[in-house]
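Chemist: Submitted below is the structure of interest, expressed as structure tokens.
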Amino acid sequence: MALKDIKSKIQSVNRTHQVTKAMEAVSAVKMRKSQARAFSGRPYARSALSILERLAPSLASVKHPLTEKRTEKHSAFIVVTSDKGLAGVLNAAVLKETSRRLEALTIPKDAVDIFAFGKKAAEYFERRGYTLKDRFENISDDVSIEDMERTAQTIVNGFTVGMYDRVDIVYTNFKSTFEQQPVWRRVLPLSSGALHDIVVGIVPEKGMFARPGNGESPSFYTTEPSSEEVLDVLLPRLTSVILYHALLESKASEHSARMVAMKNASDKSRDLSKSLLRTFNKVRQAAITSEVSEIVGGIEAMASK
Amino acid sequence: MHVTIARVHENLFNGEAESVSVPTTGGEITILKNHEPLAATLKPGTLTVRSGGETQSFTVEYGVLEVSGSTVTVLL
């Protein structure tokens with residue numbers, strides 16, 4: 001390779017390094033913020049779910065439209081990804097999990113409605129010919145609860161009037177900065193089994209929120225004014241809590257994944273730039289050596305005349 | 001008695017308290033230690049937590065109260 005080519009290559013690698021390094025720093029800040037938000041949302045979600053779980057014995061006996069199991073003909077899928085890439089396998093993992101779950105459902109493609117949070121999910125399912133019921137892009141890091149409630153309302157209404165017979169959600173669970181995991185949950189119809197999974201999934205493995213929920217479960221509850229009314233308040237709310245929680249977790253995961261991906265990229269570009277510089281020096285030295293030997297050869301040829 | 005008061009996006013109160021007064025749909029009630037297990041819906045009003053001579057108030061629009069064993073959970 002010519003000297004000039006190597007030089008321009010080094011420059012371009014260094015430019016890439018600067019970009020990835022800046023992105024790493026930005027993601028690190030965003031990650032810290034969104035992690036704090038995801039964590040602050042956890043106590044509520046955990047309490048809401050565990051109240052419901054403890055009310056669960058009555059959940060089986062109480063007839064509520066949101067717990068009713070029906071033959072599955074129409075389904076809604078909520079998929080949460082990021083808008084932008086450069087975040088490692090994050091989005092690919094969520095989309096793969098969704099496809100797997102969609103295949104496992106015995107519902108034809110045109111009876112599935114997709115609610116896509118994030119551009120990547122919207123593009124993916126549009127290309128594959130699914131019905132995109134709603135798409136949300138450019139969701140800022142501070143996810144607003146009002147927006148969530150609107151979407152949750154649409155979904156809860158859709159389920160109540162029989163437009164959907166089941167509702168699922170796939171998102172990324174934030175386990176730690178280095179570990180994010182795509183998870184699938186059934187949102188509706190609510191059942192105590194599915195709720196238990198969500199409660200367990202919400203408690204992080206370590207850190208300040210990693211305390212197990214209190215196991216004491218009273219066998220009898222006084223409910224005021226009635227179990228139905230408590231459930232009426234709690235159940236629709238819970239749907240929006242699950243949704244809100246999924247978005248927060250996904251945001252925290254996205255920024256963590258991007259930070260790690262960018263860190264790897266800038267480490268790699270530093271290594272590459274170093275090895276290119278070494279090649280550059282070698283080539284330059286070779287050129288100097290050959291020039292010197294030519295000159296020496298020339299002098300000797302002249303001296304022997 | 002351990003009291004947790006949380007909104008979806010923030011934790012308002014988390015700690016020990018002697019009593020909690022809550023506006024439920026059935027009327028205002030005060031919960032002391034060893035209250036029987038209870039789940040109730042809330043109506044708009046003011047929620048008061050008393051712990052060691054200190055009182056803290058929160059505005060309630062709507063929510064759910066749960067009392068079980070020695071823990072009180074209020075979700076606003």
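In the structure tokens, each chain is lettered A, B, ... as it comes, each chain's residues begin at 1, and ligands are numbered from 1 in order of appearance.
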Report the residues of segment 73-280 of chain A whose backbone DSSP state falls under strand (DSSP E), written as number ranges by chain.
Modeler: A: 75-80, 112-117, 131-136, 166-176, 179-188, 222-224
Chemist: Mind listing as a list in words which residues of chain B are within 9 Å of chain A, counting only C-alpha atoms?
Modeler: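 Interface list for chain B against chain A: Thr4, Ile5, Ala6, Arg7, Val8, His9, Glu10, Asn11, Thr24, Thr25, Gly26, Glu36, Pro37, Leu38, Ala39, Ala40, Thr41, Tyr62, Gly63, Val64, Glu66, Val67, Ser68, Gly69, Thr71, Thr73, Val74 and Leu75 of chain B.
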Chemist: What's around Asp267 of chain A at 12 Å? Count only C-alpha atoms, leave out sequence neighbours fewer than 2 positions away in its own chain, and write the answer as a list in words.
Modeler: Val13, Asn14, Thr16, His17, Gln18, Thr20, Lys21, Glu24, Val260, Ala261, Met262, Lys263, Asn264, Ala265, Ser269, Arg270, Asp271, Leu272, Ser273 and Lys274 of chain A
Chemist: Using the selection just defined, write its residues with all heavy atoms as a short mmCIF file (atom, residue, chain, number, x, y, z; two decimals), in the first residue's frame.
Modeler:
```
data_model
loop_
_atom_site.label_atom_id
_atom_site.label_comp_id
_atom_site.auth_asym_id
_atom_site.auth_seq_id
_atom_site.Cartn_x
_atom_site.Cartn_y
_atom_site.Cartn_z
N VAL A 13 -10.06 6.34 10.10
CA VAL A 13 -10.30 5.53 11.30
C VAL A 13 -10.37 6.42 12.53
O VAL A 13 -11.24 6.26 13.39
CB VAL A 13 -9.20 4.45 11.46
CG1 VAL A 13 -9.29 3.79 12.83
CG2 VAL A 13 -9.34 3.40 10.38
N ASN A 14 -9.50 7.42 12.58
CA ASN A 14 -9.52 8.34 13.72
C ASN A 14 -10.80 9.14 13.81
O ASN A 14 -11.31 9.39 14.90
CB ASN A 14 -8.32 9.30 13.65
CG ASN A 14 -7.04 8.60 14.08
OD1 ASN A 14 -7.10 7.52 14.67
ND2 ASN A 14 -5.90 9.20 13.78
N THR A 16 -13.72 8.11 12.73
CA THR A 16 -14.73 7.17 13.23
C THR A 16 -14.60 7.04 14.75
O THR A 16 -15.59 7.01 15.47
CB THR A 16 -14.55 5.78 12.59
OG1 THR A 16 -14.44 5.97 11.20
CG2 THR A 16 -15.72 4.88 12.90
N HIS A 17 -13.36 6.98 15.20
CA HIS A 17 -13.10 6.84 16.63
C HIS A 17 -13.71 8.01 17.40
O HIS A 17 -14.34 7.82 18.43
CB HIS A 17 -11.59 6.77 16.86
CG HIS A 17 -11.22 6.69 18.31
ND1 HIS A 17 -11.45 5.56 19.05
CD2 HIS A 17 -10.67 7.59 19.14
CE1 HIS A 17 -11.04 5.77 20.29
NE2 HIS A 17 -10.56 7.00 20.37
N GLN A 18 -13.53 9.20 16.85
CA GLN A 18 -14.09 10.38 17.52
C GLN A 18 -15.60 10.28 17.62
O GLN A 18 -16.19 10.57 18.65
CB GLN A 18 -13.72 11.64 16.74
CG GLN A 18 -12.37 12.20 17.15
CD GLN A 18 -12.05 13.44 16.39
OE1 GLN A 18 -12.64 13.72 15.35
NE2 GLN A 18 -11.09 14.20 16.88
N THR A 20 -17.57 7.55 17.49
CA THR A 20 -18.05 6.50 18.39
C THR A 20 -17.80 6.88 19.84
O THR A 20 -18.59 6.57 20.72
CB THR A 20 -17.38 5.14 18.09
OG1 THR A 20 -15.97 5.31 18.10
CG2 THR A 20 -17.84 4.58 16.78
N LYS A 21 -16.70 7.59 20.06
CA LYS A 21 -16.40 7.99 21.43
C LYS A 21 -17.42 9.00 21.94
O LYS A 21 -17.89 8.90 23.09
CB LYS A 21 -15.00 8.61 21.48
CG LYS A 21 -14.39 8.36 22.81
CD LYS A 21 -12.93 8.50 22.84
CE LYS A 21 -12.60 8.44 24.33
NZ LYS A 21 -11.51 9.23 24.73
N GLU A 24 -20.57 7.20 22.64
CA GLU A 24 -20.45 6.43 23.88
C GLU A 24 -20.73 7.34 25.08
O GLU A 24 -21.49 6.98 25.99
CB GLU A 24 -19.05 5.83 23.97
CG GLU A 24 -18.83 4.99 25.21
CD GLU A 24 -17.36 4.67 25.44
OE1 GLU A 24 -16.59 4.64 24.46
OE2 GLU A 24 -16.99 4.46 26.61
N VAL A 260 -22.43 0.16 25.28
CA VAL A 260 -21.49 -0.96 25.19
C VAL A 260 -21.02 -1.15 23.75
O VAL A 260 -19.82 -1.33 23.49
CB VAL A 260 -22.14 -2.25 25.75
CG1 VAL A 260 -21.25 -3.44 25.49
CG2 VAL A 260 -22.42 -2.10 27.23
N ALA A 261 -21.97 -1.07 22.80
CA ALA A 261 -21.61 -1.24 21.39
C ALA A 261 -20.62 -0.18 20.95
O ALA A 261 -19.63 -0.46 20.26
CB ALA A 261 -22.86 -1.19 20.52
N MET A 262 -20.86 1.06 21.38
CA MET A 262 -19.98 2.15 20.99
C MET A 262 -18.62 2.04 21.67
O MET A 262 -17.60 2.41 21.11
CB MET A 262 -20.63 3.50 21.35
CG MET A 262 -21.76 3.87 20.44
SD MET A 262 -21.22 3.94 18.73
CE MET A 262 -22.15 2.62 18.03
N LYS A 263 -18.62 1.52 22.87
CA LYS A 263 -17.35 1.33 23.57
C LYS A 263 -16.50 0.31 22.80
O LYS A 263 -15.32 0.53 22.58
CB LYS A 263 -17.59 0.85 24.99
CG LYS A 263 -16.30 0.69 25.76
CD LYS A 263 -16.50 0.70 27.25
CE LYS A 263 -15.17 0.46 27.95
NZ LYS A 263 -14.07 1.23 27.36
N ASN A 264 -17.16 -0.78 22.39
CA ASN A 264 -16.43 -1.79 21.61
C ASN A 264 -15.91 -1.19 20.32
O ASN A 264 -14.77 -1.44 19.93
CB ASN A 264 -17.36 -2.97 21.28
CG ASN A 264 -17.65 -3.79 22.51
OD1 ASN A 264 -16.92 -3.72 23.50
ND2 ASN A 264 -18.74 -4.54 22.47
N ALA A 265 -16.75 -0.38 19.66
CA ALA A 265 -16.35 0.22 18.40
C ALA A 265 -15.16 1.14 18.59
O ALA A 265 -14.21 1.11 17.80
CB ALA A 265 -17.52 0.97 17.78
N SER A 269 -11.48 0.73 17.00
CA SER A 269 -10.90 1.71 16.09
C SER A 269 -9.55 2.20 16.61
O SER A 269 -8.65 2.49 15.83
CB SER A 269 -11.85 2.87 15.85
OG SER A 269 -12.05 3.59 17.03
N ARG A 270 -9.40 2.24 17.93
CA ARG A 270 -8.10 2.63 18.48
C ARG A 270 -7.04 1.59 18.13
O ARG A 270 -5.94 1.94 17.70
CB ARG A 270 -8.19 2.82 19.99
CG ARG A 270 -7.12 3.76 20.50
CD ARG A 270 -7.23 4.05 21.98
NE ARG A 270 -7.60 2.89 22.75
CZ ARG A 270 -8.63 2.85 23.59
NH1 ARG A 270 -9.39 3.91 23.73
NH2 ARG A 270 -8.90 1.78 24.28
N ASP A 271 -7.41 0.33 18.28
CA ASP A 271 -6.47 -0.74 17.92
C ASP A 271 -6.09 -0.67 16.46
O ASP A 271 -4.93 -0.80 16.09
CB ASP A 271 -7.11 -2.12 18.20
CG ASP A 271 -7.23 -2.38 19.68
OD1 ASP A 271 -6.68 -1.56 20.45
OD2 ASP A 271 -7.87 -3.37 20.05
N LEU A 272 -7.11 -0.46 15.63
CA LEU A 272 -6.90 -0.44 14.19
C LEU A 272 -5.98 0.70 13.81
O LEU A 272 -5.03 0.54 13.02
CB LEU A 272 -8.25 -0.28 13.49
CG LEU A 272 -8.27 -0.57 12.00
CD1 LEU A 272 -7.86 -2.00 11.75
CD2 LEU A 272 -9.65 -0.30 11.43
N SER A 273 -6.23 1.87 14.41
CA SER A 273 -5.42 3.04 14.10
C SER A 273 -3.97 2.78 14.51
O SER A 273 -3.03 3.16 13.81
CB SER A 273 -6.03 4.23 14.81
OG SER A 273 -5.06 5.19 15.10
N LYS A 274 -3.80 2.11 15.63
CA LYS A 274 -2.45 1.80 16.10
C LYS A 274 -1.72 0.89 15.13
O LYS A 274 -0.57 1.13 14.75
CB LYS A 274 -2.55 1.11 17.47
CG LYS A 274 -1.51 1.60 18.47
CD LYS A 274 -1.64 0.79 19.74
CE LYS A 274 -1.84 1.67 20.94
NZ LYS A 274 -2.23 0.90 22.13
#
```
Chemist: I'd like the neighbourhood of segment 13-20 of chain B as a list in words, where a residue qualifies if any of its atoms comes within 9 Å (using only C-alpha atoms), though same-chain residues fewer than 4 positions away should be ignored.
Modeler: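 Everything that qualifies: Met1, His2, Val3, Thr4, Ile5, Ala6, Ile29, Thr30, Ile31, Leu32, Lys33, Leu47, Thr48, Val49, Arg50, Ser51, Gly52 and Val72 of chain B.
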Chemist: Take the residues from that selection and put them in a file with all heavy atoms, as a short mmCIF file (atom, residue, chain, number, x, y, z; two decimals), in the first residue's frame.
Modeler:
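As a result, out.cif now contains:
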```
data_model
loop_
_atom_site.label_atom_id
_atom_site.label_comp_id
_atom_site.auth_asym_id
_atom_site.auth_seq_id
_atom_site.Cartn_x
_atom_site.Cartn_y
_atom_site.Cartn_z
N MET B 1 -45.41 -0.36 61.32
CA MET B 1 -46.18 -0.59 60.10
C MET B 1 -45.45 0.10 58.94
O MET B 1 -45.06 1.25 59.03
CB MET B 1 -47.57 -0.02 60.37
CG MET B 1 -48.39 0.37 59.23
SD MET B 1 -50.07 0.74 59.81
CE MET B 1 -50.04 2.51 59.69
N HIS B 2 -45.25 -0.66 57.88
CA HIS B 2 -44.51 -0.14 56.74
C HIS B 2 -45.47 0.45 55.71
O HIS B 2 -46.43 -0.19 55.33
CB HIS B 2 -43.67 -1.25 56.11
CG HIS B 2 -42.70 -0.73 55.12
ND1 HIS B 2 -41.43 -0.34 55.45
CD2 HIS B 2 -42.84 -0.49 53.80
CE1 HIS B 2 -40.82 0.10 54.37
NE2 HIS B 2 -41.65 0.02 53.36
N VAL B 3 -45.19 1.68 55.30
CA VAL B 3 -46.09 2.34 54.37
C VAL B 3 -45.36 2.66 53.07
O VAL B 3 -44.24 3.18 53.09
CB VAL B 3 -46.63 3.66 54.97
CG1 VAL B 3 -47.58 4.35 54.00
CG2 VAL B 3 -47.32 3.39 56.29
N THR B 4 -45.98 2.31 51.96
CA THR B 4 -45.44 2.67 50.65
C THR B 4 -46.50 3.46 49.91
O THR B 4 -47.64 3.01 49.79
CB THR B 4 -45.10 1.42 49.82
OG1 THR B 4 -44.32 0.55 50.62
CG2 THR B 4 -44.33 1.78 48.57
N ILE B 5 -46.14 4.65 49.47
CA ILE B 5 -47.05 5.44 48.65
C ILE B 5 -46.33 5.72 47.35
O ILE B 5 -45.23 6.28 47.35
CB ILE B 5 -47.43 6.76 49.34
CG1 ILE B 5 -48.12 6.46 50.67
CG2 ILE B 5 -48.36 7.59 48.45
CD1 ILE B 5 -48.30 7.66 51.55
N ALA B 6 -46.90 5.28 46.24
CA ALA B 6 -46.19 5.41 44.97
C ALA B 6 -47.10 5.90 43.86
O ALA B 6 -48.29 5.58 43.81
CB ALA B 6 -45.58 4.08 44.57
N ILE B 29 -60.93 6.86 56.20
CA ILE B 29 -60.58 5.92 57.26
C ILE B 29 -59.15 6.15 57.71
O ILE B 29 -58.33 6.69 56.95
CB ILE B 29 -60.74 4.44 56.82
CG1 ILE B 29 -59.87 4.16 55.59
CG2 ILE B 29 -62.19 4.09 56.56
CD1 ILE B 29 -59.73 2.69 55.30
N THR B 30 -58.86 5.78 58.95
CA THR B 30 -57.50 5.88 59.45
C THR B 30 -57.01 4.47 59.77
O THR B 30 -57.70 3.70 60.44
CB THR B 30 -57.45 6.76 60.70
OG1 THR B 30 -57.88 8.07 60.34
CG2 THR B 30 -56.03 6.85 61.24
N ILE B 31 -55.87 4.16 59.26
CA ILE B 31 -55.33 2.81 59.45
C ILE B 31 -54.23 2.85 60.51
O ILE B 31 -53.30 3.64 60.42
CB ILE B 31 -54.78 2.25 58.14
CG1 ILE B 31 -55.93 2.08 57.14
CG2 ILE B 31 -54.08 0.92 58.33
CD1 ILE B 31 -55.51 2.29 55.73
N LEU B 32 -54.40 2.02 61.53
CA LEU B 32 -53.37 1.90 62.56
C LEU B 32 -52.74 0.51 62.43
O LEU B 32 -53.10 -0.25 61.54
CB LEU B 32 -54.02 2.08 63.93
CG LEU B 32 -54.64 3.45 64.19
CD1 LEU B 32 -55.54 3.41 65.40
CD2 LEU B 32 -53.57 4.51 64.34
N LYS B 33 -51.84 0.24 63.34
CA LYS B 33 -51.18 -1.05 63.34
C LYS B 33 -52.20 -2.20 63.45
O LYS B 33 -53.25 -2.04 64.07
CB LYS B 33 -50.25 -1.10 64.57
CG LYS B 33 -48.93 -1.78 64.29
CD LYS B 33 -48.05 -1.68 65.51
CE LYS B 33 -47.16 -2.90 65.60
NZ LYS B 33 -46.51 -2.98 66.89
N LEU B 47 -54.43 12.60 51.66
CA LEU B 47 -53.93 11.45 52.39
C LEU B 47 -52.89 11.95 53.39
O LEU B 47 -52.05 12.78 53.04
CB LEU B 47 -53.30 10.52 51.36
CG LEU B 47 -52.79 9.14 51.73
CD1 LEU B 47 -52.82 8.31 50.48
CD2 LEU B 47 -51.39 9.18 52.27
N THR B 48 -53.00 11.50 54.63
CA THR B 48 -52.06 11.97 55.64
C THR B 48 -51.32 10.80 56.27
O THR B 48 -51.94 9.83 56.69
CB THR B 48 -52.81 12.76 56.74
OG1 THR B 48 -53.76 13.61 56.12
CG2 THR B 48 -51.84 13.60 57.55
N VAL B 49 -50.00 10.94 56.34
CA VAL B 49 -49.18 9.91 56.98
C VAL B 49 -48.56 10.52 58.23
O VAL B 49 -47.98 11.60 58.17
CB VAL B 49 -48.05 9.45 56.05
CG1 VAL B 49 -47.24 8.34 56.70
CG2 VAL B 49 -48.60 8.98 54.71
N ARG B 50 -48.74 9.85 59.38
CA ARG B 50 -48.12 10.34 60.61
C ARG B 50 -47.06 9.37 61.09
O ARG B 50 -47.31 8.17 61.22
CB ARG B 50 -49.19 10.51 61.70
CG ARG B 50 -49.92 11.85 61.64
CD ARG B 50 -51.10 11.86 62.57
NE ARG B 50 -52.15 10.95 62.09
CZ ARG B 50 -53.12 11.34 61.24
NH1 ARG B 50 -53.17 12.58 60.81
NH2 ARG B 50 -54.03 10.49 60.83
N SER B 51 -45.87 9.91 61.27
CA SER B 51 -44.81 9.06 61.82
C SER B 51 -43.99 9.87 62.79
O SER B 51 -43.44 10.91 62.44
CB SER B 51 -43.94 8.51 60.68
OG SER B 51 -43.40 9.56 59.94
N GLY B 52 -43.97 9.44 64.05
CA GLY B 52 -43.16 10.09 65.09
C GLY B 52 -43.38 11.58 65.20
O GLY B 52 -42.42 12.34 65.22
N VAL B 72 -48.78 -1.32 54.40
CA VAL B 72 -49.84 -0.54 53.76
C VAL B 72 -49.29 -0.03 52.44
O VAL B 72 -48.20 0.52 52.39
CB VAL B 72 -50.25 0.67 54.64
CG1 VAL B 72 -51.31 1.50 53.93
CG2 VAL B 72 -50.74 0.21 55.99
#
```
Chemist: So that I can see what lies close to segment 184-189 of chain A, please list as JSON, numbers by chain the residues with an atom at most 6 Å from it, counting only C-alpha atoms and leaving out residues fewer than 3 positions away in the same chain.
Modeler: {"A": [66, 67, 68, 166, 167, 168, 169, 170]}
Chemist: Please return, as a count of residues only, all residues of segment 48-257 of chain A that DSSP assigns to alpha helix (DSSP H) on the basis of the backbone.
Modeler: 95
Chemist: Please determine, counting only C-alpha atoms, which residue among A:Glu123, A:Glu254, A:Glu149, A:Asp197 has the shortest atom-to-atom distance to Lys175 of chain A.
Modeler: A:Glu254
Chemist: Can you work out which one of A:His74, A:Lys251, A:Lys30, A:Arg278 has the shortest atom-to-atom distance to Tyr171 of chain A, counting only C-alpha atoms?
Modeler: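 Ranking A:His74, A:Lys251, A:Lys30, A:Arg278 by distance to Tyr171 of chain A, first place goes to A:Lys251.
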